[in-house]
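Asks: Sending over start-v7.cif (mmCIF, C-alpha atoms).
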data_structure
loop_
_atom_site.label_atom_id
_atom_site.label_comp_id
_atom_site.auth_asym_id
_atom_site.auth_seq_id
_atom_site.Cartn_x
_atom_site.Cartn_y
_atom_site.Cartn_z
CA MET A 881 82.20 96.56 91.27
CA ASN A 882 85.08 94.95 89.36
CA GLN A 883 87.89 97.48 89.75
CA LYS A 884 90.83 97.40 87.37
CA LEU A 885 94.38 97.27 88.66
CA PHE A 886 95.97 100.21 86.85
CA SER A 887 93.45 102.96 87.50
CA LYS A 888 94.51 106.62 87.30
CA ASP A 889 94.48 106.97 91.08
CA PHE A 890 96.52 103.83 91.72
CA ILE A 891 99.09 104.96 89.12
CA LEU A 892 99.37 108.34 90.88
CA VAL A 893 99.87 106.57 94.21
CA VAL A 894 102.62 104.47 92.64
CA ILE A 895 104.40 107.47 91.07
CA GLY A 896 104.08 109.44 94.31
CA GLN A 897 105.59 106.49 96.17
CA ILE A 898 108.56 106.36 93.75
CA ILE A 899 109.43 110.02 94.35
CA SER A 900 108.66 110.12 98.07
CA LEU A 901 110.40 106.86 98.89
CA PHE A 902 113.47 107.87 96.90
CA GLY A 903 113.79 111.00 99.03
CA ASN A 904 113.07 109.00 102.18
CA THR A 905 115.71 106.34 101.53
CA ALA A 906 118.31 108.90 100.45
CA ILE A 907 117.96 111.05 103.58
CA ARG A 908 117.74 108.09 105.95
CA PHE A 909 120.86 106.70 104.29
CA ALA A 910 122.88 109.91 104.47
CA LEU A 911 122.19 111.12 108.02
CA PRO A 912 123.27 107.95 109.93
CA LEU A 913 126.29 107.59 107.60
CA HIS A 914 127.25 111.22 108.29
CA LEU A 915 127.09 110.44 112.01
CA LEU A 916 129.11 107.21 111.67
CA ASN A 917 131.80 108.97 109.63
CA HIS A 918 132.15 111.64 112.31
CA THR A 919 132.19 109.30 115.34
CA GLY A 920 133.25 105.83 114.12
CA SER A 921 131.23 104.32 116.97
CA SER A 922 128.94 101.35 116.28
CA ALA A 923 127.43 101.69 119.77
CA LEU A 924 126.48 105.33 119.16
CA TYR A 925 125.21 104.48 115.67
CA GLY A 926 123.07 101.64 117.05
CA THR A 927 121.73 103.81 119.87
CA VAL A 928 120.79 106.70 117.57
CA THR A 929 119.04 104.42 115.06
CA ALA A 930 117.28 102.71 117.97
CA CYS A 931 116.02 106.07 119.24
CA ALA A 932 114.82 106.91 115.73
CA PHE A 933 112.50 103.87 115.74
CA ILE A 934 110.78 104.70 119.03
CA PRO A 935 108.43 107.48 117.78
CA ALA A 936 107.60 105.38 114.71
CA ILE A 937 106.46 102.60 117.04
CA LEU A 938 104.29 105.01 119.00
CA LEU A 939 102.78 106.70 115.95
CA SER A 940 102.09 103.64 113.76
CA PRO A 941 98.87 102.68 115.57
CA ILE A 942 97.74 106.30 115.53
CA GLY A 943 98.53 106.41 111.81
CA GLY A 944 96.38 103.35 111.21
CA ILE A 945 93.49 104.70 113.24
CA VAL A 946 93.70 108.04 111.45
CA ALA A 947 93.90 106.22 108.09
CA ASP A 948 90.52 104.63 108.78
CA ARG A 949 88.88 107.90 109.89
CA ILE A 950 90.45 110.59 107.69
CA ASN A 951 90.88 110.76 103.93
CA LYS A 952 94.08 108.85 103.18
CA LYS A 953 95.04 111.25 100.39
CA ASN A 954 95.07 114.19 102.81
CA ILE A 955 97.33 112.27 105.20
CA MET A 956 99.88 111.52 102.48
CA VAL A 957 99.89 115.11 101.19
CA ILE A 958 100.29 116.70 104.63
CA LEU A 959 103.05 114.33 105.72
CA ASP A 960 105.06 114.79 102.51
CA PHE A 961 104.93 118.59 102.89
CA PHE A 962 105.88 118.26 106.56
CA THR A 963 108.86 116.01 105.70
CA ALA A 964 110.16 118.62 103.24
CA ALA A 965 109.90 121.23 106.01
CA VAL A 966 111.80 119.02 108.50
CA ILE A 967 114.72 118.52 106.09
CA LEU A 968 114.73 122.24 105.24
CA ILE A 969 115.03 123.15 108.93
CA PHE A 970 117.80 120.56 109.38
CA SER A 971 119.76 122.11 106.48
CA PHE A 972 119.66 125.52 108.21
CA LEU A 973 120.74 124.14 111.61
CA VAL A 974 123.40 121.58 110.61
CA GLU A 975 126.34 124.00 110.77
CA GLY A 976 125.43 125.67 114.06
CA VAL A 977 124.00 122.92 116.28
CA SER A 978 125.59 119.87 117.94
CA LEU A 979 125.49 117.09 115.34
CA ILE A 980 124.50 114.09 117.47
CA PRO A 981 121.28 115.50 119.00
CA LEU A 982 120.32 117.21 115.72
CA ILE A 983 120.60 113.99 113.68
CA THR A 984 118.86 112.02 116.44
CA VAL A 985 115.88 114.39 116.57
CA THR A 986 115.67 114.63 112.76
CA LEU A 987 115.73 110.86 112.33
CA MET A 988 113.09 110.49 115.04
CA LEU A 989 110.86 112.92 113.13
CA LEU A 990 111.48 111.16 109.80
CA TYR A 991 110.71 107.72 111.24
CA SER A 992 107.64 109.16 113.00
CA ILE A 993 106.32 110.46 109.70
CA ALA A 994 107.01 107.12 108.01
CA GLY A 995 105.20 105.33 110.85
CA ALA A 996 102.12 107.47 110.32
CA TYR A 997 102.40 107.49 106.50
CA GLN A 998 102.72 103.81 105.55
CA PRO A 999 99.41 102.61 107.08
CA SER A 1000 97.61 105.13 104.87
CA VAL A 1001 99.34 103.81 101.74
CA GLN A 1002 98.72 100.15 102.60
CA ALA A 1003 95.12 100.80 103.67
CA SER A 1004 94.40 102.64 100.40
CA VAL A 1005 95.33 99.63 98.23
CA PRO A 1006 92.10 97.61 98.72
CA ALA A 1007 90.01 100.74 98.07
CA LEU A 1008 91.81 101.43 94.79
CA VAL A 1009 92.19 97.99 93.20
CA GLY A 1010 89.67 95.60 94.75
CA GLN A 1011 90.31 92.21 96.37
CA GLN A 1012 90.91 90.32 93.14
CA HIS A 1013 94.07 92.40 92.50
CA LEU A 1014 95.45 92.56 96.06
CA MET A 1015 98.46 90.28 95.52
CA ALA A 1016 99.46 92.04 92.28
CA ALA A 1017 98.92 95.51 93.77
CA ASN A 1018 100.97 94.70 96.87
CA SER A 1019 103.67 93.30 94.65
CA ILE A 1020 103.74 96.57 92.70
CA ILE A 1021 103.87 98.67 95.89
CA ASN A 1022 106.72 96.55 97.27
CA THR A 1023 108.53 96.62 93.94
CA ILE A 1024 108.25 100.41 93.80
CA SER A 1025 109.51 100.64 97.37
CA SER A 1026 112.49 98.45 96.48
CA PHE A 1027 113.18 100.36 93.25
CA SER A 1028 113.20 103.68 95.12
CA SER A 1029 115.31 102.14 97.86
CA LEU A 1030 117.77 100.99 95.20
CA LEU A 1031 118.16 104.44 93.66
CA GLY A 1032 118.13 106.36 96.96
CA PRO A 1033 121.29 104.94 98.58
CA VAL A 1034 123.21 104.58 95.31
CA ILE A 1035 122.60 108.16 94.16
CA GLY A 1036 122.75 109.36 97.76
CA GLY A 1037 126.11 107.66 98.28
CA ILE A 1038 127.52 109.23 95.11
CA LEU A 1039 126.21 112.71 95.99
CA TYR A 1040 127.33 112.48 99.60
CA SER A 1041 130.85 111.17 98.89
CA THR A 1042 131.37 113.62 96.00
CA TYR A 1043 129.63 116.84 97.07
CA GLY A 1044 128.86 116.40 100.76
CA LEU A 1045 125.59 116.49 102.67
CA GLU A 1046 124.04 119.81 101.59
CA PRO A 1047 123.22 119.04 97.91
CA LEU A 1048 121.65 115.75 98.99
CA LEU A 1049 119.40 117.58 101.44
CA TRP A 1050 118.05 119.87 98.71
CA VAL A 1051 117.39 116.92 96.37
CA CYS A 1052 115.34 115.25 99.13
CA ILE A 1053 113.39 118.44 99.86
CA LEU A 1054 112.44 118.66 96.17
CA CYS A 1055 111.35 114.99 96.13
CA PHE A 1056 108.91 115.38 99.01
CA PHE A 1057 107.51 118.65 97.65
CA VAL A 1058 106.86 117.16 94.18
CA SER A 1059 105.31 114.02 95.70
CA ALA A 1060 102.94 116.08 97.86
CA VAL A 1061 101.79 118.17 94.89
CA MET A 1062 101.17 115.03 92.80
CA GLU A 1063 99.15 113.40 95.58
CA LEU A 1064 96.74 116.34 95.56
CA PHE A 1065 95.22 114.86 92.38
CA ILE A 1066 94.52 111.39 93.80
CA TYR A 1067 90.98 110.28 94.62
CA ILE A 1068 90.68 107.54 97.26
CA PRO A 1069 87.13 106.40 98.16
CA PHE A 1070 86.42 107.39 101.75
CA VAL A 1071 83.46 106.87 104.08
CA LYS A 1072 83.60 109.02 107.18
CA GLN A 1073 83.19 107.10 110.44
CA ASP A 1074 81.49 108.36 113.59
CA SER A 1075 83.91 110.12 115.92
CA ASP A 1076 81.69 111.60 118.63
CA ILE A 1077 83.71 110.05 121.46
CA ASN A 1078 86.83 111.57 123.03
CA ILE A 1079 89.93 111.19 120.82
CA TRP A 1080 91.86 109.20 123.45
CA LYS A 1081 88.91 106.91 124.08
CA MET A 1082 88.63 106.47 120.32
CA LEU A 1083 92.33 105.56 120.05
CA LYS A 1084 92.03 103.11 122.93
CA LYS A 1085 88.85 101.58 121.48
CA ASP A 1086 90.27 101.21 117.96
CA PHE A 1087 93.58 99.78 119.14
CA ALA A 1088 91.81 97.30 121.42
CA GLU A 1089 89.49 96.29 118.58
CA SER A 1090 92.41 95.66 116.23
CA PHE A 1091 94.44 93.79 118.83
CA CYS A 1092 91.43 91.65 119.70
CA PHE A 1093 90.93 90.83 116.01
CA ILE A 1094 94.56 89.69 115.68
CA ARG A 1095 94.64 87.79 118.98
CA LYS A 1096 91.20 86.12 119.01
CA GLU A 1097 89.51 86.18 115.60
CA LYS A 1098 92.70 85.58 113.57
CA PRO A 1099 95.21 84.16 116.09
CA VAL A 1100 97.31 82.67 113.29
CA ILE A 1101 98.22 86.25 112.30
CA GLY A 1102 99.25 86.97 115.88
CA LYS A 1103 101.51 83.91 115.97
CA GLY A 1104 103.11 84.90 112.70
CA LEU A 1105 103.63 88.38 114.08
CA LEU A 1106 105.65 87.01 117.00
CA VAL A 1107 107.91 85.21 114.55
CA ILE A 1108 108.44 88.46 112.65
CA CYS A 1109 109.39 90.19 115.91
CA GLY A 1110 112.05 87.56 116.57
CA ILE A 1111 113.47 87.89 113.06
CA ASN A 1112 113.50 91.70 113.34
CA LEU A 1113 115.35 91.43 116.65
CA PHE A 1114 118.08 89.03 115.57
CA LEU A 1115 118.31 89.23 111.75
CA SER A 1116 117.09 92.60 110.47
CA SER A 1117 118.93 94.54 113.18
CA VAL A 1118 122.31 92.95 112.48
CA ILE A 1119 122.04 94.04 108.82
CA ILE A 1120 120.86 97.56 109.68
CA VAL A 1121 123.71 98.16 112.14
CA GLY A 1122 126.35 95.79 110.78
CA LEU A 1123 126.35 96.69 107.08
CA PRO A 1124 127.40 100.36 107.42
CA TYR A 1125 129.73 99.67 110.36
CA LEU A 1126 131.55 96.78 108.68
CA ILE A 1127 131.92 98.51 105.31
CA THR A 1128 132.98 101.94 106.55
CA GLN A 1129 134.92 101.01 109.70
CA VAL A 1130 136.08 97.36 109.59
CA LEU A 1131 136.98 96.42 106.00
CA ASN A 1132 139.90 98.90 105.83
CA LEU A 1133 138.65 100.68 102.72
CA GLU A 1134 139.45 104.28 101.82
CA SER A 1135 136.84 106.63 103.31
CA SER A 1136 135.18 108.02 100.16
CA LEU A 1137 135.31 104.60 98.50
CA ALA A 1138 133.75 103.00 101.59
CA ASN A 1139 130.89 105.54 101.53
CA ARG A 1140 130.18 104.81 97.88
CA LEU A 1141 130.41 101.06 98.38
CA TYR A 1142 128.03 101.31 101.31
CA GLY A 1143 125.62 103.18 99.05
CA PHE A 1144 125.91 100.41 96.46
CA ALA A 1145 125.41 97.80 99.20
CA GLU A 1146 122.20 99.51 100.28
CA GLY A 1147 121.23 99.61 96.62
CA THR A 1148 121.91 95.88 96.41
CA LEU A 1149 119.54 95.34 99.32
CA ALA A 1150 116.93 97.29 97.41
CA ALA A 1151 117.69 95.34 94.23
CA GLY A 1152 117.00 92.16 96.17
CA GLY A 1153 113.70 93.64 97.28
CA LEU A 1154 112.95 94.59 93.68
CA ALA A 1155 113.67 91.03 92.52
CA GLY A 1156 111.51 89.65 95.33
CA GLY A 1157 108.65 92.02 94.51
CA ILE A 1158 108.73 91.16 90.82
CA GLY A 1159 108.98 87.47 91.61
CA ALA A 1160 106.03 87.66 93.99
CA GLY A 1161 103.99 89.31 91.25
CA ILE A 1162 104.97 86.85 88.54
CA PHE A 1163 104.45 83.75 90.69
CA ALA A 1164 101.55 85.15 92.74
CA LYS A 1165 99.25 82.24 91.92
CA LYS A 1166 101.88 79.64 92.76
CA LEU A 1167 102.98 81.11 96.08
CA THR A 1168 101.06 79.63 98.99
CA ILE A 1169 101.02 81.24 102.40
CA GLN A 1170 101.73 77.97 104.23
CA LYS A 1171 105.15 77.73 102.53
CA SER A 1172 106.19 81.28 103.39
CA GLY A 1173 108.16 80.10 106.43
CA ASN A 1174 110.74 78.61 104.05
CA PHE A 1175 111.72 82.12 102.96
CA ILE A 1176 112.67 83.05 106.54
CA ILE A 1177 114.92 79.96 106.70
CA TYR A 1178 116.67 81.03 103.49
CA CYS A 1179 117.24 84.52 104.94
CA ALA A 1180 118.77 83.15 108.14
CA ALA A 1181 121.08 80.83 106.17
CA CYS A 1182 122.64 83.81 104.39
CA MET A 1183 124.27 85.07 107.60
CA PHE A 1184 126.71 82.14 107.69
CA PRO A 1185 128.66 82.90 104.47
CA MET A 1186 129.07 86.51 105.66
CA GLY A 1187 130.51 85.44 109.03
CA ILE A 1188 132.73 82.72 107.58
CA SER A 1189 134.13 85.07 104.91
CA LEU A 1190 134.95 87.73 107.51
CA MET A 1191 136.69 85.06 109.61
CA LEU A 1192 138.77 83.57 106.77
CA PHE A 1193 139.63 86.47 104.43
CA SER A 1194 141.47 89.71 105.15
CA SER A 1195 140.60 91.33 101.80
CA GLY A 1196 138.03 94.07 102.26
CA LEU A 1197 136.73 93.72 98.69
CA ILE A 1198 136.21 89.94 99.01
CA ASN A 1199 134.26 90.40 102.23
CA TYR A 1200 132.31 93.25 100.67
CA ALA A 1201 131.34 91.07 97.69
CA VAL A 1202 130.15 88.24 99.94
CA MET A 1203 128.14 90.66 102.10
CA THR A 1204 126.39 92.30 99.16
CA VAL A 1205 125.45 88.99 97.51
CA CYS A 1206 124.09 87.59 100.78
CA CYS A 1207 122.18 90.79 101.55
CA PHE A 1208 120.64 90.67 98.06
CA VAL A 1209 119.36 87.14 98.72
CA VAL A 1210 118.10 88.07 102.22
CA MET A 1211 116.14 91.00 100.86
CA MET A 1212 114.74 89.04 97.92
CA PHE A 1213 113.27 86.28 100.07
CA SER A 1214 112.12 88.62 102.83
CA THR A 1215 110.22 90.73 100.27
CA VAL A 1216 108.38 87.68 98.91
CA PHE A 1217 107.47 86.82 102.48
CA THR A 1218 106.27 90.39 103.16
CA VAL A 1219 104.08 90.45 100.04
CA GLN A 1220 102.46 87.15 101.00
CA MET A 1221 101.82 88.25 104.57
CA MET A 1222 100.40 91.64 103.59
CA ALA A 1223 98.05 90.16 100.99
CA PHE A 1224 96.90 87.55 103.52
CA VAL A 1225 96.20 90.19 106.19
CA GLN A 1226 94.39 92.49 103.75
CA ALA A 1227 92.23 89.66 102.40
CA GLU A 1228 91.29 88.39 105.88
CA THR A 1229 90.61 91.78 107.50
CA PRO A 1230 87.32 93.74 107.20
CA GLN A 1231 87.57 97.06 105.35
CA ASN A 1232 86.84 99.16 108.45
CA LEU A 1233 89.75 97.51 110.31
CA ILE A 1234 92.46 97.29 107.65
CA GLY A 1235 94.32 100.50 108.51
CA LYS A 1236 94.22 99.83 112.25
CA VAL A 1237 95.22 96.17 111.95
CA ILE A 1238 98.14 96.96 109.63
CA ALA A 1239 99.24 99.71 112.03
CA VAL A 1240 99.15 97.32 115.00
CA ILE A 1241 101.20 94.79 113.01
CA PHE A 1242 103.75 97.47 112.06
CA THR A 1243 103.88 98.69 115.66
CA ILE A 1244 104.41 95.32 117.33
CA SER A 1245 106.91 94.12 114.71
CA MET A 1246 108.88 97.36 115.00
CA CYS A 1247 109.16 97.09 118.79
CA ALA A 1248 111.99 94.60 118.35
CA GLN A 1249 113.94 96.85 115.98
CA PRO A 1250 115.31 99.49 118.39
CA VAL A 1251 116.23 96.80 120.93
CA GLY A 1252 118.07 94.87 118.22
CA ASN A 1253 119.83 97.97 116.87
CA ALA A 1254 121.12 98.99 120.30
CA PHE A 1255 122.07 95.39 121.12
CA TYR A 1256 124.11 94.84 117.96
CA GLY A 1257 125.72 98.29 118.18
CA ILE A 1258 127.12 97.35 121.59
CA LEU A 1259 127.92 93.77 120.54
CA PHE A 1260 129.97 94.89 117.52
CA GLU A 1261 131.97 97.21 119.76
CA ILE A 1262 132.58 94.45 122.33
CA CYS A 1263 133.67 92.04 119.57
CA ASP A 1264 136.09 94.54 118.00
CA GLY A 1265 138.42 92.51 115.76
CA PHE A 1266 136.15 89.46 115.92
CA GLU A 1267 133.06 90.84 114.19
CA PHE A 1268 132.45 87.50 112.46
CA ILE A 1269 131.25 86.14 115.82
CA VAL A 1270 128.34 88.62 115.77
CA LEU A 1271 127.28 87.53 112.28
CA LEU A 1272 127.45 83.82 113.12
CA PHE A 1273 125.50 84.42 116.33
CA ALA A 1274 122.78 86.24 114.37
CA GLY A 1275 122.61 83.40 111.85
CA ILE A 1276 122.33 80.66 114.48
CA VAL A 1277 119.60 82.38 116.53
CA SER A 1278 117.61 83.39 113.42
CA MET A 1279 117.80 79.85 112.04
CA ILE A 1280 116.55 78.40 115.32
CA ILE A 1281 113.59 80.81 115.27
CA ALA A 1282 112.81 80.16 111.59
CA VAL A 1283 112.95 76.36 111.78
CA SER A 1284 111.08 76.05 115.10
CA THR A 1285 108.20 78.24 113.91
CA LYS A 1286 107.86 76.95 110.34
CA SER A 1287 104.71 75.06 111.37
CA ILE A 1288 102.96 78.35 112.16
CA PHE A 1289 103.02 79.39 108.52
CA GLN A 1290 102.11 75.88 107.36
CA SER A 1291 98.91 76.19 109.40
CA PHE A 1292 97.72 79.34 107.58
CA SER A 1293 95.95 77.66 104.68
CA LYS A 1294 94.72 74.76 106.80
CA LYS A 1295 92.92 77.03 109.24
CA GLU A 1296 91.66 79.48 106.67
#
Could you write out this structure as structure tokens?

Replies:
Amino acid sequence: MNQKLFSKDFILVVIGQIISLFGNTAIRFALPLHLLNHTGSSALYGTVTACAFIPAILLSPIGGIVADRINKKNIMVILDFFTAAVILIFSFLVEGVSLIPLITVTLMLLYSIAGAYQPSVQASVPALVGQQHLMAANSIINTISSFSSLLGPVIGGILYSTYGLEPLLWVCILCFFVSAVMELFIYIPFVKQDSDINIWKMLKKDFAESFCFIRKEKPVIGKGLLVICGINLFLSSVIIVGLPYLITQVLNLESSLANRLYGFAEGTLAAGGLAGGIGAGIFAKKLTIQKSGNFIIYCAACMFPMGISLMLFSSGLINYAVMTVCCFVVMMFSTVFTVQMMAFVQAETPQNLIGKVIAVIFTISMCAQPVGNAFYGILFEICDGFEFIVLLFAGIVSMIIAVSTKSIFQSFSKKE
């Protein structure tokens, strides 16, 4: 059947993603910033964000397996309601419980939910739009994610710096509740699979099947995945940990101004993702998977202006401007790369394996994130006063990885 791109159900998924992802980015922006403002420690910030990733890593494969065996709509609805409940409980406990463990546990729950949620969204795309629209649909999903990520930190930064944490919590609760109610009206085609075997045997069997597909049947995907792990370890992590730490603690900006500027910087990251998503959609037919390695090289190159600026200039606003421009470019090119990779994986993977394979990819690629977050949190603290060294180190290592593995992506179209 020739499915159209903008069906009612796909539009509802898109709108639900806008609302849900806005709430998600706003709360995940505010809680770590609240912790950093109270402690001023990059090591503690890196450790807490590293801990937050661990349950997401563990739950992503389960989320993919569940996405292939349970109606994806039900998963999205339940998880959005559950997220609203988690934030509600946090709002009641925040004044009476030790802040560090409370934020750590809450972030772990939020990342866990995201780890289980995203495979269902990605796996629903082929069922809603058909293969002929995969690139365009993935571009739309990534664009929506970037648009929500743009609004979340910007509005979250303004609310947090002006009114404090509590009003922001209630806005996020409302977002997840409205998204869950909207998702009740989505229809996603679903064929129930046999599940007579023990749940743990089923998980082991499905994970092994997906891993075998990536490693043996499509080894080029596995090789590309290793490259992504390296980039997550040395490039993504330095931005996740470095951006809030440098803006709020190193650039000598007034506290409330620094919080707002950090919100705008996160919004700039999202704007870069939005530009990359739109660009990937517009130039979908011209983008070839074998050239996608070039985008990783461009991302790595952006670390050098940030480090050099921090080394040469004492002005906080000059350094802030250089950081935001470079982060915009990093996010733009990385989004184009992500859209290409996701469309390639979806097109090359059988329908009954899509959710599981995507979950395995998310899981393995995320394994590097907590290690990188903790590593850079400690490294920034060790290099106190010489933070530019950390940025230049990240740029050099990421460039070495990107250049040395460019041939992997060039082989995609040749082998397929």

Asks: Under the PyMOL selection byres ((chain A and resi 1198) around 12), which residues of this model are included? Write them out as a list in words.

Replies: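 Listing what the PyMOL selection byres ((chain A and resi 1198) around 12) selects in the shown file: Ile1127, Leu1131, Asn1132, Leu1133, Pro1185, Met1186, Ile1188, Ser1189, Leu1190, Met1191, Leu1192, Phe1193, Ser1194, Ser1195, Gly1196, Leu1197, Asn1199, Tyr1200, Ala1201, Val1202, Met1203, Thr1204 and Val1205 of chain A.
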
Asks: Restrict the selected residues to C-alpha atoms and save them as a CSV table (one decimal), in the coordinates of the input.

Replies:
chain,number,residue,atom,x,y,z
A,1127,ILE,CA,131.9,98.5,105.3
A,1131,LEU,CA,137.0,96.4,106.0
A,1132,ASN,CA,139.9,98.9,105.8
A,1133,LEU,CA,138.6,100.7,102.7
A,1185,PRO,CA,128.7,82.9,104.5
A,1186,MET,CA,129.1,86.5,105.7
A,1188,ILE,CA,132.7,82.7,107.6
A,1189,SER,CA,134.1,85.1,104.9
A,1190,LEU,CA,135.0,87.7,107.5
A,1191,MET,CA,136.7,85.1,109.6
A,1192,LEU,CA,138.8,83.6,106.8
A,1193,PHE,CA,139.6,86.5,104.4
A,1194,SER,CA,141.5,89.7,105.2
A,1195,SER,CA,140.6,91.3,101.8
A,1196,GLY,CA,138.0,94.1,102.3
A,1197,LEU,CA,136.7,93.7,98.7
A,1199,ASN,CA,134.3,90.4,102.2
A,1200,TYR,CA,132.3,93.2,100.7
A,1201,ALA,CA,131.3,91.1,97.7
A,1202,VAL,CA,130.2,88.2,99.9
A,1203,MET,CA,128.1,90.7,102.1
A,1204,THR,CA,126.4,92.3,99.2
A,1205,VAL,CA,125.4,89.0,97.5

Asks: Quick one, how far is CA of Ala1145 (chain A) from CA of Ile1280 (chain A)?

Replies: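 So the two atoms, CA of Ala1145 (chain A) and CA of Ile1280 (chain A), lie 26.7 Å apart.
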
Asks: Can you list, as a list in words, the residues that the PyMOL selection byres ((chain A and resi 1019-1024) around 6) selects here?

Replies: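 Those residues are Ile898, Ala1016, Ala1017, Asn1018, Ser1025, Ser1026, Phe1027, Leu1154, Gly1157 and Gly1161 of chain A.
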
Asks: Near Ala1160 (chain A), counting all atoms listed in the file, which residues have an atom at most 8 Å away, once you skip same-chain residues fewer than 3 positions from it, shown as a ChimeraX atom specification?

Replies: /A:1019,1156-1157,1163-1164,1167,1216,1219-1220

Asks: Please expand the PyMOL selection byres ((chain A and resi 994) around 12) into the concrete residues it hits in this file, giving the result as JSON, numbers by chain.

Replies: {"A": [897, 900, 901, 903, 904, 905, 908, 932, 933, 934, 935, 936, 937, 938, 939, 940, 941, 942, 943, 944, 955, 956, 959, 960, 962, 963, 987, 988, 989, 990, 991, 992, 993, 995, 996, 997, 998, 999, 1000, 1001, 1239, 1242, 1243]}

Asks: Using all atoms listed in the file, which of A:Gly1143, A:Gly1037, A:Gly1187, A:Pro912 sits nearest Val985 (chain A)?

Replies: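 Once distances to Val985 (chain A) are computed over all atoms listed in the file, the minimum belongs to A:Pro912.
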
Asks: Choose the residue, out of A:Gly976, A:Pro1006, A:Pro981, A:Pro1047, that has the smallest atom-to-atom separation from Thr1229 (chain A); count all atoms listed in the file.

Replies: A:Pro1006

Asks: Hey, which of A:Gln1002, A:Ser887, A:Ser921, A:Asn954 ends up closest to Glu1063 (chain A)? Count all atoms listed in the file.

Replies: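 Ranking A:Gln1002, A:Ser887, A:Ser921, A:Asn954 by distance to Glu1063 (chain A), first place goes to A:Asn954.
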
Asks: Within 9 Å of region 1171-1184 of chain A, counting all atoms listed in the file, which residues qualify if same-chain residues fewer than 3 places away don't, as an MDAnalysis selection string?

Replies: chainID A and resid 1111 1115 1167:1168 1187:1189 1203 1206:1207 1209:1214 1216:1217 1220:1221 1271:1283 1285:1290

Asks: Choose the residue, out of A:Val1251, A:Leu1030, A:Leu1045, A:Gly1159, that has the smallest atom-to-atom separation from Thr927 (chain A); count all atoms listed in the file.

Replies: A:Val1251

Asks: Residues at most 9 Å from Ile1258 (chain A), counting only C-alpha atoms, excluding those fewer than 6 positions away in the same chain, as an MDAnalysis selection string?

Replies: chainID A and resid 922:924 926:927

Asks: Go ahead and compute the interatomic distance for CA of Ser1116 (chain A) and CA of Leu1014 (chain A), in Å to one decimal.

Replies: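 Separation of CA of Ser1116 (chain A) and CA of Leu1014 (chain A): 26.0 Å.
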